[in-house]
>>> print(open('final_4.pdb').read())   # PDB, C-alpha atoms
ATOM      1  CA  MET Q   6      13.227  10.225  31.408  1.00  0.00           C
ATOM      2  CA  TYR Q   7       9.470   9.972  31.292  1.00  0.00           C
ATOM      3  CA  SER Q   8       7.664   8.988  34.431  1.00  0.00           C
ATOM      4  CA  PHE Q   9       4.291   7.307  34.647  1.00  0.00           C
ATOM      5  CA  TYR Q  10       1.834   6.764  37.408  1.00  0.00           C
ATOM      6  CA  GLN Q  11      -1.158   4.499  37.697  1.00  0.00           C
ATOM      7  CA  ASP Q  12      -4.564   5.172  39.167  1.00  0.00           C
ATOM      8  CA  SER Q  13      -7.885   3.344  38.944  1.00  0.00           C
ATOM      9  CA  ASP Q  14      -8.495   4.636  35.372  1.00  0.00           C
ATOM     10  CA  GLY Q  15      -5.216   3.458  33.890  1.00  0.00           C
ATOM     11  CA  TYR Q  16      -1.748   4.828  33.322  1.00  0.00           C
ATOM     12  CA  TYR Q  17      -0.865   8.494  32.929  1.00  0.00           C
ATOM     13  CA  ASN Q  18       2.364  10.069  31.744  1.00  0.00           C
ATOM     14  CA  TYR Q  19       3.954  13.051  33.404  1.00  0.00           C
ATOM     15  CA  HIS Q  20       1.937  15.431  31.173  1.00  0.00           C
ATOM     16  CA  GLY Q  21      -1.262  13.922  32.561  1.00  0.00           C
ATOM     17  CA  TYR Q  22      -2.258  12.204  29.305  1.00  0.00           C
ATOM     18  CA  ARG Q  23      -3.963   8.872  29.714  1.00  0.00           C
ATOM     19  CA  GLN Q  24      -2.113   5.845  28.422  1.00  0.00           C
ATOM     20  CA  THR Q  25      -4.189   2.900  27.227  1.00  0.00           C
ATOM     21  CA  GLN Q  26      -1.452   0.393  28.005  1.00  0.00           C
ATOM     22  CA  GLU Q  27       1.093  -0.207  30.676  1.00  0.00           C
ATOM     23  CA  PRO Q  28       4.143   1.938  29.755  1.00  0.00           C
ATOM     24  CA  SER Q  29       6.533  -0.981  29.388  1.00  0.00           C
ATOM     25  CA  ASP Q  30       4.248  -2.682  26.801  1.00  0.00           C
ATOM     26  CA  ILE Q  31       5.971  -2.148  23.452  1.00  0.00           C
ATOM     27  CA  GLN Q  32       4.022  -4.639  21.330  1.00  0.00           C
ATOM     28  CA  VAL Q  33       1.939  -2.004  19.496  1.00  0.00           C
ATOM     29  CA  MET Q  34       5.059   0.037  18.785  1.00  0.00           C
ATOM     30  CA  LYS Q  35       6.923  -2.989  17.424  1.00  0.00           C
ATOM     31  CA  TYR Q  36       3.948  -4.063  15.314  1.00  0.00           C
ATOM     32  CA  SER Q  37       3.523  -0.538  13.957  1.00  0.00           C
ATOM     33  CA  ALA Q  38       7.209  -0.317  13.044  1.00  0.00           C
ATOM     34  CA  ALA Q  39       6.999  -3.644  11.218  1.00  0.00           C
ATOM     35  CA  GLN Q  40       3.893  -2.486   9.324  1.00  0.00           C
ATOM     36  CA  LEU Q  41       5.609   0.775   8.363  1.00  0.00           C
ATOM     37  CA  LEU Q  42       8.555  -0.946   6.657  1.00  0.00           C
ATOM     38  CA  PRO Q  43       6.668  -2.007   3.492  1.00  0.00           C
ATOM     39  CA  VAL Q  44       5.172   1.494   3.238  1.00  0.00           C
ATOM     40  CA  THR Q  45       8.653   3.004   3.214  1.00  0.00           C
ATOM     41  CA  GLN Q  46       9.548   0.702   0.325  1.00  0.00           C
ATOM     42  CA  GLU Q  47       6.506   1.929  -1.596  1.00  0.00           C
ATOM     43  CA  ILE Q  48       7.536   5.524  -0.890  1.00  0.00           C
ATOM     44  CA  GLN Q  49      10.982   4.726  -2.296  1.00  0.00           C
ATOM     45  CA  GLN Q  50       9.367   3.329  -5.452  1.00  0.00           C
ATOM     46  CA  LEU Q  51       7.304   6.488  -5.848  1.00  0.00           C
ATOM     47  CA  LEU Q  52      10.341   8.709  -5.326  1.00  0.00           C
ATOM     48  CA  ARG Q  53      12.355   6.686  -7.847  1.00  0.00           C
ATOM     49  CA  ALA Q  54       9.550   7.110 -10.392  1.00  0.00           C
ATOM     50  CA  VAL Q  55       9.506  10.873  -9.830  1.00  0.00           C
ATOM     51  CA  ALA Q  56      13.278  11.171  -9.972  1.00  0.00           C
ATOM     52  CA  TYR Q  57      14.192   8.701 -12.714  1.00  0.00           C
ATOM     53  CA  THR Q  58      11.221   7.566 -14.833  1.00  0.00           C
ATOM     54  CA  PRO Q  59      11.115   9.675 -18.001  1.00  0.00           C
ATOM     55  CA  GLY Q  60       7.951  11.753 -18.137  1.00  0.00           C
ATOM     56  CA  PHE Q  61       6.556  10.628 -14.766  1.00  0.00           C
ATOM     57  CA  ALA Q  62       7.231  13.864 -12.865  1.00  0.00           C
ATOM     58  CA  GLU Q  63       5.859  15.889 -15.766  1.00  0.00           C
ATOM     59  CA  GLN Q  64       2.649  13.826 -15.888  1.00  0.00           C
ATOM     60  CA  LEU Q  65       2.226  14.041 -12.122  1.00  0.00           C
ATOM     61  CA  LYS Q  66       2.683  17.806 -12.046  1.00  0.00           C
ATOM     62  CA  ALA Q  67       0.446  18.360 -15.073  1.00  0.00           C
ATOM     63  CA  ALA Q  68      -2.356  16.290 -13.536  1.00  0.00           C
ATOM     64  CA  GLY Q  69      -1.939  18.169 -10.267  1.00  0.00           C
ATOM     65  CA  ALA Q  70      -1.978  21.549 -12.009  1.00  0.00           C
ATOM     66  CA  ARG Q  71      -5.289  20.600 -13.652  1.00  0.00           C
ATOM     67  CA  GLY Q  72      -6.657  19.483 -10.285  1.00  0.00           C
ATOM     68  CA  ASN Q  73      -7.130  15.991 -11.672  1.00  0.00           C
ATOM     69  CA  GLU Q  74      -6.859  14.045  -8.428  1.00  0.00           C
ATOM     70  CA  THR Q  75      -8.039  10.843 -10.107  1.00  0.00           C
ATOM     71  CA  ARG Q  76      -5.084  10.934 -12.523  1.00  0.00           C
ATOM     72  CA  VAL Q  77      -2.666  11.859  -9.712  1.00  0.00           C
ATOM     73  CA  ARG Q  78      -3.857   8.861  -7.681  1.00  0.00           C
ATOM     74  CA  GLN Q  79      -3.606   6.622 -10.748  1.00  0.00           C
ATOM     75  CA  LEU Q  80      -0.007   7.689 -11.382  1.00  0.00           C
ATOM     76  CA  ILE Q  81       0.924   7.085  -7.748  1.00  0.00           C
ATOM     77  CA  ARG Q  82      -0.631   3.611  -7.912  1.00  0.00           C
ATOM     78  CA  GLU Q  83       1.223   2.909 -11.172  1.00  0.00           C
ATOM     79  CA  ALA Q  84       4.464   3.757  -9.359  1.00  0.00           C
ATOM     80  CA  GLY Q  85       3.801   0.817  -7.031  1.00  0.00           C
ATOM     81  CA  VAL Q  86       1.914   2.299  -4.091  1.00  0.00           C
ATOM     82  CA  THR Q  87      -0.700  -0.100  -2.715  1.00  0.00           C
ATOM     83  CA  THR Q  88      -1.021   1.352   0.789  1.00  0.00           C
ATOM     84  CA  PRO Q  89      -4.158   3.446   1.350  1.00  0.00           C
ATOM     85  CA  PHE Q  90      -3.355   7.142   0.875  1.00  0.00           C
ATOM     86  CA  ARG Q  91      -4.839  10.565   0.365  1.00  0.00           C
ATOM     87  CA  VAL Q  92      -3.403  13.350  -1.785  1.00  0.00           C
ATOM     88  CA  GLN Q  93      -3.399  17.075  -1.209  1.00  0.00           C
ATOM     89  CA  ILE Q  94      -2.581  19.172  -4.245  1.00  0.00           C
ATOM     90  CA  ASN Q  95      -1.507  22.777  -3.783  1.00  0.00           C
ATOM     91  CA  PRO Q  96      -0.089  25.292  -6.251  1.00  0.00           C
ATOM     92  CA  ASP Q  97       3.400  24.739  -4.863  1.00  0.00           C
ATOM     93  CA  ARG Q  98       3.424  21.080  -3.792  1.00  0.00           C
ATOM     94  CA  ILE Q  99       1.837  17.688  -3.602  1.00  0.00           C
ATOM     95  CA  ALA Q 100       1.395  15.829  -0.332  1.00  0.00           C
ATOM     96  CA  VAL Q 101       0.703  12.114  -0.114  1.00  0.00           C
ATOM     97  CA  ILE Q 102      -0.613  11.019   3.266  1.00  0.00           C
ATOM     98  CA  PHE Q 103      -0.229   7.301   3.951  1.00  0.00           C
ATOM     99  CA  PHE Q 104      -2.572   5.506   6.336  1.00  0.00           C
ATOM    100  CA  ALA Q 105      -1.689   2.715   8.722  1.00  0.00           C
ATOM    101  CA  PRO Q 106      -3.295  -0.686   8.275  1.00  0.00           C
ATOM    102  CA  GLN Q 107      -5.690  -1.844  10.970  1.00  0.00           C
ATOM    103  CA  GLN Q 108      -4.130  -2.298  14.411  1.00  0.00           C
ATOM    104  CA  ALA Q 109      -0.963  -0.382  13.435  1.00  0.00           C
ATOM    105  CA  CYS Q 110      -0.319   3.122  14.671  1.00  0.00           C
ATOM    106  CA  PHE Q 111       1.753   5.396  12.458  1.00  0.00           C
ATOM    107  CA  GLY Q 112       1.374   8.297  10.131  1.00  0.00           C
ATOM    108  CA  ILE Q 113       3.631   9.412   7.333  1.00  0.00           C
ATOM    109  CA  THR Q 114       3.281  12.239   4.845  1.00  0.00           C
ATOM    110  CA  LEU Q 115       5.406  12.690   1.747  1.00  0.00           C
ATOM    111  CA  SER Q 116       5.448  16.285   0.559  1.00  0.00           C
ATOM    112  CA  LEU Q 117       7.200  17.319  -2.657  1.00  0.00           C
ATOM    113  CA  CYS Q 118       7.423  20.851  -3.994  1.00  0.00           C
ATOM    114  CA  TRP Q 119       6.657  21.228  -7.686  1.00  0.00           C
TER     115      TRP Q 119
END
>>> encode(input="final_4.pdb", output="structure tokens")
Amino acid sequence: MYSFYQDSDGYYNYHGYRQTQEPSDIQVMKYSAAQLLPVTQEIQQLLRAVAYTPGFAEQLKAAGARGNETRVRQLIREAGVTTPFRVQINPDRIAVIFFAPQQACFGITLSLCW
């Protein structure tokens, strides 16, 4: 069980890290979870495109192998992703890093080996 203490600067957890909110306040966490749900649906759409759409995985890998980030981003958007994201292309994998909308607090990275 985590313990918290309060001083004049705010709340601190047992590691000594400052908390910006009272520990029992779960509103940001609930809001962030709700904002993450549509992103997970977009990730499912992208994964379905990679797994089941003829030619999609081949196009994605070919664009990545050429270092054509613009085409990689275009393909990901065509798969139904509207959430802001960044891609990292490596010789052995692609990583798609999804960003939380304003006021939400989450991070999720999808990494697929070629």
>>> atom_distance(input="final_4.pdb", atom1="atom CA of Val55 of chain Q", atom2="atom CA of Val77 of chain Q")
12.2 Å
>>> closest_residue(input="final_4.pdb", among="Q:Ala70, Q:Ala38, Q:Ile81, Q:Val101", to="Ala54 of chain Q", atoms="all atoms listed in the file")
Q:Ile81
>>> axis_aligned_box(input="final_4.pdb", around="segment 65-69 of chain Q", padding_each_side="5 Å", output="JSON")
{"center_x": 0.2, "center_y": 16.2, "center_z": -12.7, "size_x": 15.0, "size_y": 14.3, "size_z": 14.8}
>>> residues_around(input="final_4.pdb", residues="segment 61-65 of chain Q", least_positions_apart="6", cutoff="10 Å", atoms="all atoms listed in the file", output="list in words")
Leu51, Leu52, Arg53, Ala54, Val55, Asn73, Glu74, Arg76, Val77, Arg78, Gln79, Leu80, Ile81, Ala84, Ile99 and Trp119 of chain Q
>>> write_last_selection(input="final_4.pdb", atoms="C-alpha atoms", output="compact mmCIF listing (two decimals), in the frame of the given file")
# COMPACT_ATOMS: atom_id res chain seq x y z
CA LEU Q 51 7.30 6.49 -5.85
CA LEU Q 52 10.34 8.71 -5.33
CA ARG Q 53 12.36 6.69 -7.85
CA ALA Q 54 9.55 7.11 -10.39
CA VAL Q 55 9.51 10.87 -9.83
CA ASN Q 73 -7.13 15.99 -11.67
CA GLU Q 74 -6.86 14.04 -8.43
CA ARG Q 76 -5.08 10.93 -12.52
CA VAL Q 77 -2.67 11.86 -9.71
CA ARG Q 78 -3.86 8.86 -7.68
CA GLN Q 79 -3.61 6.62 -10.75
CA LEU Q 80 -0.01 7.69 -11.38
CA ILE Q 81 0.92 7.08 -7.75
CA ALA Q 84 4.46 3.76 -9.36
CA ILE Q 99 1.84 17.69 -3.60
CA TRP Q 119 6.66 21.23 -7.69
>>> residues_around(input="final_4.pdb", residues="Ala100 of chain Q", least_positions_apart="5", cutoff="7 Å", atoms="all atoms listed in the file", output="list in words")
Val92, Gln93, Ile94, Thr114, Leu115, Ser116 and Leu117 of chain Q
>>> closest_residue(input="final_4.pdb", among="Q:Ala67, Q:Met34, Q:Ala105, Q:Ala39", to="Thr87 of chain Q", atoms="only C-alpha atoms")
Q:Ala105
>>> closest_residue(input="final_4.pdb", among="Q:Gly60, Q:Ala68, Q:Ser37, Q:Val44", to="Pro96 of chain Q", atoms="all atoms listed in the file")
Q:Ala68
>>> residues_around(input="final_4.pdb", residues="Phe90 of chain Q", least_positions_apart="3", cutoff="8 Å", atoms="only C-alpha atoms", output="PyMOL selection string")
chain Q and resi 101-104
>>> resolve_selection(input="final_4.pdb", expression="the PyMOL selection byres ((chain Q and resi 109) around 8)", output="list in words")
Val33, Tyr36, Ser37, Gln40, Ala105, Pro106, Gln107, Gln108, Cys110 and Phe111 of chain Q
>>> closest_residue(input="final_4.pdb", among="Q:Gly69, Q:Glu47, Q:Ile113, Q:Arg82", to="Asn95 of chain Q", atoms="all atoms listed in the file")
Q:Gly69
>>> atom_distance(input="final_4.pdb", atom1="atom CA of Ile48 of chain Q", atom2="atom CA of Lys66 of chain Q")
17.3 Å
